[in-house]
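Novice: Structure: target_31.cif, mmCIF, C-alpha atoms.
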```
data_final
#
loop_
_atom_site.label_atom_id
_atom_site.label_comp_id
_atom_site.auth_asym_id
_atom_site.auth_seq_id
_atom_site.Cartn_x
_atom_site.Cartn_y
_atom_site.Cartn_z
CA MET R 1 0.00 0.00 0.00
CA VAL R 2 1.37 3.42 -0.94
CA GLN R 3 0.75 6.25 1.52
CA PHE R 4 1.39 9.94 1.00
CA LEU R 5 1.79 12.84 3.36
CA LEU R 6 -1.07 15.26 2.77
CA SER R 7 -0.44 18.16 5.12
CA ILE R 8 1.00 19.35 8.36
CA ASN R 9 -1.63 21.11 10.42
CA GLY R 10 -0.88 22.51 13.83
CA GLY R 11 2.20 20.33 14.12
CA LEU R 12 0.35 17.06 13.55
CA LEU R 13 0.90 14.98 10.45
CA LYS R 14 -2.15 14.24 8.33
CA LEU R 15 -1.87 11.41 5.83
CA ALA R 16 -3.74 11.27 2.54
CA ASN R 17 -5.36 7.92 3.27
CA GLY R 18 -6.74 9.13 6.61
CA GLN R 19 -4.24 7.21 8.70
CA ASP R 20 -2.77 9.38 11.41
CA LYS R 21 -0.45 6.85 13.06
CA THR R 22 3.18 7.89 12.95
CA TRP R 23 6.34 6.87 14.79
CA CYS R 24 9.57 8.64 15.66
CA VAL R 25 12.86 6.81 15.13
CA ALA R 26 16.55 7.66 15.07
CA LYS R 27 18.04 8.60 11.73
CA PRO R 28 20.40 5.87 10.50
CA SER R 29 23.07 8.56 10.02
CA SER R 30 23.01 9.57 13.71
CA ASN R 31 26.27 9.18 15.60
CA ASP R 32 26.63 7.29 18.87
CA THR R 33 27.02 10.48 20.91
CA ALA R 34 23.71 11.84 19.63
CA LEU R 35 21.96 8.51 20.18
CA ALA R 36 23.24 8.22 23.76
CA SER R 37 22.17 11.82 24.45
CA ASN R 38 18.71 11.11 23.01
CA ILE R 39 18.31 8.07 25.26
CA GLN R 40 19.33 10.09 28.32
CA PHE R 41 17.02 13.00 27.45
CA ALA R 42 13.99 10.91 26.50
CA CYS R 43 14.28 8.64 29.55
CA SER R 44 14.66 11.66 31.85
CA GLN R 45 11.57 13.32 30.41
CA LEU R 46 9.56 10.09 30.48
CA GLY R 47 10.61 9.61 34.10
CA ASN R 48 9.12 13.03 34.91
CA LEU R 49 5.80 11.62 33.68
CA GLY R 50 6.12 8.49 35.81
CA LEU R 51 7.06 6.37 32.78
CA SER R 52 10.21 4.31 32.43
CA CYS R 53 12.72 3.07 29.89
CA ASP R 54 12.80 -0.43 31.34
CA MET R 55 11.92 -1.83 27.91
CA ILE R 56 15.53 -1.24 26.74
CA LYS R 57 17.20 -2.66 29.86
CA GLU R 58 18.91 -6.04 29.54
CA ASP R 59 15.76 -7.98 30.48
CA GLY R 60 13.40 -5.60 28.69
CA ILE R 61 11.19 -6.53 25.74
CA CYS R 62 13.01 -4.11 23.42
CA PHE R 63 16.59 -4.80 24.55
CA ASN R 64 17.46 -6.84 21.45
CA PRO R 65 18.94 -5.97 19.15
CA ASN R 66 21.33 -4.48 21.68
CA THR R 67 22.36 -1.42 19.66
CA LEU R 68 22.30 2.28 20.41
CA ILE R 69 20.17 3.02 17.36
CA ASN R 70 17.55 0.46 18.40
CA HIS R 71 17.45 1.60 22.02
CA ALA R 72 17.33 5.26 20.99
CA SER R 73 14.52 4.64 18.49
CA VAL R 74 12.42 2.85 21.11
CA VAL R 75 12.69 5.59 23.75
CA MET R 76 12.54 8.46 21.25
CA ASN R 77 9.24 7.06 19.99
CA SER R 78 7.98 6.64 23.56
CA TYR R 79 8.80 10.31 24.17
CA TYR R 80 7.14 11.33 20.89
CA HIS R 81 4.03 9.36 21.82
CA ALA R 82 3.90 10.61 25.44
CA PHE R 83 4.20 14.26 24.42
CA GLY R 84 1.51 14.27 21.73
CA ARG R 85 3.08 13.10 18.47
CA ASN R 86 3.85 16.64 17.35
CA ILE R 87 6.60 17.11 14.78
CA TRP R 88 8.63 19.11 17.30
CA ASN R 89 8.56 16.10 19.65
CA CYS R 90 10.56 14.18 17.03
CA ASP R 91 13.51 16.40 16.32
CA PHE R 92 16.20 15.43 18.81
CA ARG R 93 18.56 18.05 17.36
CA GLY R 94 18.04 16.76 13.85
CA SER R 95 18.83 13.13 14.66
CA ALA R 96 15.26 11.79 14.35
CA LEU R 97 12.70 11.21 11.65
CA ILE R 98 8.99 10.49 11.51
CA THR R 99 7.89 7.34 9.73
CA ILE R 100 4.51 5.98 8.70
CA SER R 101 5.87 2.40 8.79
CA ASP R 102 5.38 0.69 12.13
CA PRO R 103 8.87 -0.13 13.49
CA SER R 104 7.52 -2.71 15.99
CA TYR R 105 9.12 -6.13 15.95
CA GLY R 106 8.42 -9.33 17.87
CA SER R 107 7.28 -8.48 21.38
CA CYS R 108 8.68 -4.95 21.12
CA GLN R 109 5.58 -2.96 20.17
CA TYR R 110 5.95 0.76 19.51
CA PRO R 111 2.96 2.76 20.78
#
```
What would you get if you wrote out this structure as structure tokens?
Specialist:
Amino acid sequence: MVQFLLSINGGLLKLANGQDKTWCVAKPSSNDTALASNIQFACSQLGNLGLSCDMIKEDGICFNPNTLINHASVVMNSYYHAFGRNIWNCDFRGSALITISDPSYGSCQYP
């Protein structure tokens, strides 16, 4: 199925087919320093809301694959989701992107 971006209205993405589900993930070109900073920031902000980043800990459902880009993508999306899915909630100093393809895998489900 081909999907197209229709408009950005008030910071929220509107898709041509009516779907409004989007996810925030780390850009593949992001360096390790940026990814580690994104994890620290997102987890700190989620903690302020009473949420945690336990899903990327060693026994967490999103730990594997054990890579910075995977862990960053998981928590960056959690932050994006928790703060309203606005485009400005998925910037992370230019190291993030919004996708319309669900990045969930196995038991690691992105909200």
Novice: List the neighbours of His71 in chain R out to 12 Å using all atoms listed in the file; skip same-chain residues closer than 6 positions along the sequence, and give me the result as a list in words.
Specialist: Val25, Ala26, Asp32, Leu35, Ala36, Ser37, Asn38, Ile39, Gln40, Ala42, Cys43, Cys53, Asp54, Met55, Ile56, Lys57, Glu58, Gly60, Ile61, Cys62, Phe63, Asn64, Pro65, Asn77, Ser78, Cys108 and Tyr110 of chain R
Novice: Measuring between only C-alpha atoms, which one of R:Ser95, R:Lys21, R:Arg85, R:Tyr105 shows the shortest distance to Ala72 in chain R?
Specialist: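 Ranking R:Ser95, R:Lys21, R:Arg85, R:Tyr105 by distance to Ala72 in chain R, first place goes to R:Ser95.
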Novice: CA of Ile69 in chain R and CA of Asp102 in chain R are how many Å apart?
Specialist: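 Distance between the two atoms: 15.9 Å.
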Novice: Using only C-alpha atoms, which residue out of R:Thr67, R:Ser101, R:Ser107, R:Gln45 lies closest to Tyr80 in chain R?
Specialist: R:Gln45
Novice: Need the axis-aligned box for range 20-28 of chain R with 3 Å each side, so what are the centre and edges in Å to one decimal, as AutoDock Vina command-line options?
Specialist:
```
--center_x 8.8 --center_y 7.6 --center_z 13.1 --size_x 29.2 --size_y 9.5 --size_z 11.2
```
Novice: At what distance in Å, to one decimal, does CA of Met76 in chain R lie from CA of Trp23 in chain R?
Specialist: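 So the two atoms, CA of Trp23 in chain R and CA of Met76 in chain R, lie 9.1 Å apart.
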Novice: How many Å lie between CA of Ala96 in chain R and CA of Cys24 in chain R, rounded to one decimal?
Specialist: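 Spanning CA of Ala96 in chain R to CA of Cys24 in chain R is a straight-line distance of 6.6 Å.
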Novice: Given the choices R:Cys90, R:Val75, R:Ala34, R:Ile98, which gets closest to Asp20 in chain R if the distance is worked out from all atoms listed in the file?
Specialist: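 Nearest candidate to Asp20 in chain R out of R:Cys90, R:Val75, R:Ala34, R:Ile98: R:Ile98.
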Novice: Name the closest residue to Thr22 in chain R among the candidates R:Ser104, R:Thr99, R:Asn66, R:Ser73; distances are taken between atoms, counting all atoms listed in the file.
Specialist: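 Between R:Ser104, R:Thr99, R:Asn66, R:Ser73, the residue approaching Thr22 in chain R most closely is R:Thr99.
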Novice: Rank R:Trp88, R:Asn70, R:Tyr79, R:Ser30 by their smallest atom-to-atom distance to Ser52 in chain R, using all atoms listed in the file, and report the top residue only.
Specialist: R:Tyr79
